[in-house]
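J.: Got a structure for you, questions after.
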Amino acid sequence: METAAFYIFAAIAVIASLFVVGQRNPMYSVMLLITSFGALAGLYVLLDAPFTAVTQIIIYAGAIMVLFLFVVMLLNVPREEPAPSVAAGLLGPTGLKIGAVLSGLLAIEMVWALSRLPSRYFNPDQAGQVSDVRNIGQVLFTQHAFAFEATSVLILVAMVGAVVVARKEH
Amino acid sequence: MTAWLVEWLRYLVTPLTVHGALIFIIFNLLVLSAAFMVWMERKVCAYIQDRLGPNRVGYAGWKQPFADVIKLLTKEELRPKAADAVLFAIAPIISAGTAFAAFSVVPFGTSTTLWGFLPEPVPLEITDVNVAVLVIFAITSMGVYGIVLAGWASNSKYSLLGGLRSSAQMISYELSYGLALAAVIMMAGSLSLREIVLSQSGYWFGFIPKWYLWPQLFGFFIYMCAGVAETNRAPFDFPEAEQELVAGYHTEYSSMSFAMFFLAEYVNMVTVSAVATSLYLGGWLGPFLPDWLDWIWFMVKVLALLFFYVWMRWTLPRYRYDQLMEFGWKWLLPAAVLNLLYTAALVLWLQG
């Protein structure tokens with residue numbers, strides 16, 4: 001049952017993510033990304049981490065994607081130009097070549113990082129404890145207090161920056 | 001004869017069927033409560049405006065919502081030529097789906113065995129998640145997509161403006177909503193709605209119930225303001241402001257897909273009231289009634305809040321859009337933050 005659920009959620013996440021990139025209508029891309037986030041939340045539930053799942057939905061699917069949608073709607077980008085074929089991309093302009101190189105590097109990095117993860121992190125018995133709201137709060141405000149505060153200042157700076165950029169000159 | 005029937009029915013009692021039956025019952029109760037709300041709204045608004053309201057179908061017009069549903073079902077489904085077919089179709093589904101899904105973690109009574117019919121007591125809620133409050137918050141925050149997509153997919157200027165307004169409004173009021181919830185969570189020390197309700201049992205001085213309404217009076221006010229804004233009801237009904245936007249995001253909808261938005265709005269109102277009842281008014285707790293009838297208290301409290309909703313709609317005029325944003329960001333949000341600080345101090349003081 002759980003294995004079947006895992007494969008269903010994983011398949012939805014992967015297929016939706018692929019279509020996000022393959023889609024020409026930005027509105028559909030946004031919706032598919034939300035679908036992918038929902039499937040990821042399902043995976044978190046299967047990992048016995050309901051708090052992580054719910055925060056995933058609230059923050060990513062609920063807050064950030066609404067902003068994305070807002071921007072897409074305001075700009076009203078009807079449709080992107082069809083992308084040239086893969087072969088043309090590799091031989092095409094420099095920007096595309098750099099993109100291809102970077103995505104190749106990213107794939108290599110991912111494989112490298114995953115292969116070096118020690119297996120002791122995957123202890124299923126600890127999953128419930130780690131995702132407990134009380135524990136997360138405790139760790140966040142004691143052990144990682146500095147990183148937490150630094151992140152909040154960073155977000156504040158980004159907000160002020162956005163206001164300055166968006167403000168009309170008088 | 002009946003004994004034989006009961007024996008036969010017992011064979012059907014498995015966790016799966018019991019759960020299925022519970023979901024079926026709650027789903028239908030929500031649909032019925034939406035129908036009842038439509039009737040109540042029309043009746044109350046009629047009395048407020050010194051009219052009679054619906055009175056042709058059934059006693060005092062109580063069959064009116066059912067007649068309306070039949071009318072809507074038999075109407076033609078129209079779609080504008082320039083509309084985005086896929087998103088136009090799924091927008092009402094998202095709206096109604098999220099509205100119903102949010103109720104799945106709301107408890108409305110202790111438990112029942114149906115007079116000994118069931119082998120073990122079944123708690124009166126679909127599921128008890130230990131992060132229930134956050135689940136409700138997450139699902140209601142998904143509800144905005146139904147409105148935004150409807151506005152965009154209709155490809156009409158009124159719809160688009162309604163969709164844009166609703167997304168801006170819901171983002172703004174979600175913050176105050178979440179902070180009001182956080183204050184109650186701090187007092188109860190739990191995210192489960194059932195535990196929050198149970199932590200409100202008992203009386204002060206023997207007669208004042210220990211509801212969170214009293215220590216959280218401002219929190220309750222903030223929650224109700226944000227809740228009215230989240231459900232797009234007057235005086236915050238900008239996404240469908242008739243005088244400015246025809247009907248806002250559902251201008252282009254007809255037949256059942258229009259009815260689904262309507263249904264979603266009323267079910268959302270029921271959910272917001274039910275959550276307010278659990279968080280601030282002690283849920284199903286109340287005097288006089290035996291344990292197995294405690295859901296009546298829950299219904300009475302929810303009904304009172306729903307009446308308040310309708311009363312407010314027909315009493316207060318709509319805000320102006322800049323006033324709405326100003327109220328949300330400059331008054332409600334600071335008030336919610338102050339309420340959170342005050343609650344933190346209160347909790348620390350109570351713990352000694």
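Chain labels A, B, ... are given in the sequence in which chains occur in the structure tokens; within each chain residues are numbered consecutively from 1, and ligands are likewise numbered from 1 in the order shown.
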Give one line per residue of chain B that approaches chain A to at most 9 Å, naming the two atoms of the closest pair and their distance in Å to one decimal, counting only C-alpha atoms; sort by chain then ascending residue number and deliver it as JSON lines.

T.:
```
{"residue": "B:Leu87", "atom": "CA", "partner": "A:Tyr28", "partner_atom": "CA", "distance": 8.4}
{"residue": "B:Val129", "atom": "CA", "partner": "A:Pro50", "partner_atom": "CA", "distance": 8.5}
{"residue": "B:Asn130", "atom": "CA", "partner": "A:Pro50", "partner_atom": "CA", "distance": 8.2}
{"residue": "B:Val131", "atom": "CA", "partner": "A:Phe51", "partner_atom": "CA", "distance": 6.5}
{"residue": "B:Leu134", "atom": "CA", "partner": "A:Val54", "partner_atom": "CA", "distance": 6.5}
{"residue": "B:Val135", "atom": "CA", "partner": "A:Val54", "partner_atom": "CA", "distance": 6.1}
{"residue": "B:Phe137", "atom": "CA", "partner": "A:Ile58", "partner_atom": "CA", "distance": 7.3}
{"residue": "B:Ala138", "atom": "CA", "partner": "A:Ile58", "partner_atom": "CA", "distance": 4.8}
{"residue": "B:Ile139", "atom": "CA", "partner": "A:Ile58", "partner_atom": "CA", "distance": 8.1}
{"residue": "B:Thr140", "atom": "CA", "partner": "A:Gly62", "partner_atom": "CA", "distance": 8.8}
{"residue": "B:Ser141", "atom": "CA", "partner": "A:Gly62", "partner_atom": "CA", "distance": 5.3}
{"residue": "B:Met142", "atom": "CA", "partner": "A:Gly62", "partner_atom": "CA", "distance": 5.6}
{"residue": "B:Gly143", "atom": "CA", "partner": "A:Gly62", "partner_atom": "CA", "distance": 8.9}
{"residue": "B:Val144", "atom": "CA", "partner": "A:Val66", "partner_atom": "CA", "distance": 8.1}
{"residue": "B:Tyr145", "atom": "CA", "partner": "A:Val66", "partner_atom": "CA", "distance": 7.5}
{"residue": "B:Val148", "atom": "CA", "partner": "A:Leu69", "partner_atom": "CA", "distance": 8.3}
{"residue": "B:Leu149", "atom": "CA", "partner": "A:Leu69", "partner_atom": "CA", "distance": 8.9}
{"residue": "B:Trp152", "atom": "CA", "partner": "A:Met73", "partner_atom": "CA", "distance": 7.1}
{"residue": "B:Leu160", "atom": "CA", "partner": "A:Met73", "partner_atom": "CA", "distance": 8.4}
{"residue": "B:Leu164", "atom": "CA", "partner": "A:Phe70", "partner_atom": "CA", "distance": 7.0}
{"residue": "B:Ser167", "atom": "CA", "partner": "A:Val66", "partner_atom": "CA", "distance": 7.1}
{"residue": "B:Ala168", "atom": "CA", "partner": "A:Phe70", "partner_atom": "CA", "distance": 8.4}
{"residue": "B:Ile171", "atom": "CA", "partner": "A:Ala63", "partner_atom": "CA", "distance": 7.2}
{"residue": "B:Leu191", "atom": "CA", "partner": "A:Val133", "partner_atom": "CA", "distance": 8.9}
```

J.: Write out as a VMD selection string all residues of region 159-250 of chain B that backbone DSSP assigns to helix (DSSP H, G or I).

T.: chain B and resid 159 to 188 193 to 198 217 to 230 238 to 240 242 to 245 248 to 250

J.: Between CA of Ala85 (chain B) and CA of Tyr253 (chain B), measure the distance and give it in Å to one decimal.

T.: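 Separation between CA of Ala85 (chain B) and CA of Tyr253 (chain B): 12.3 Å.
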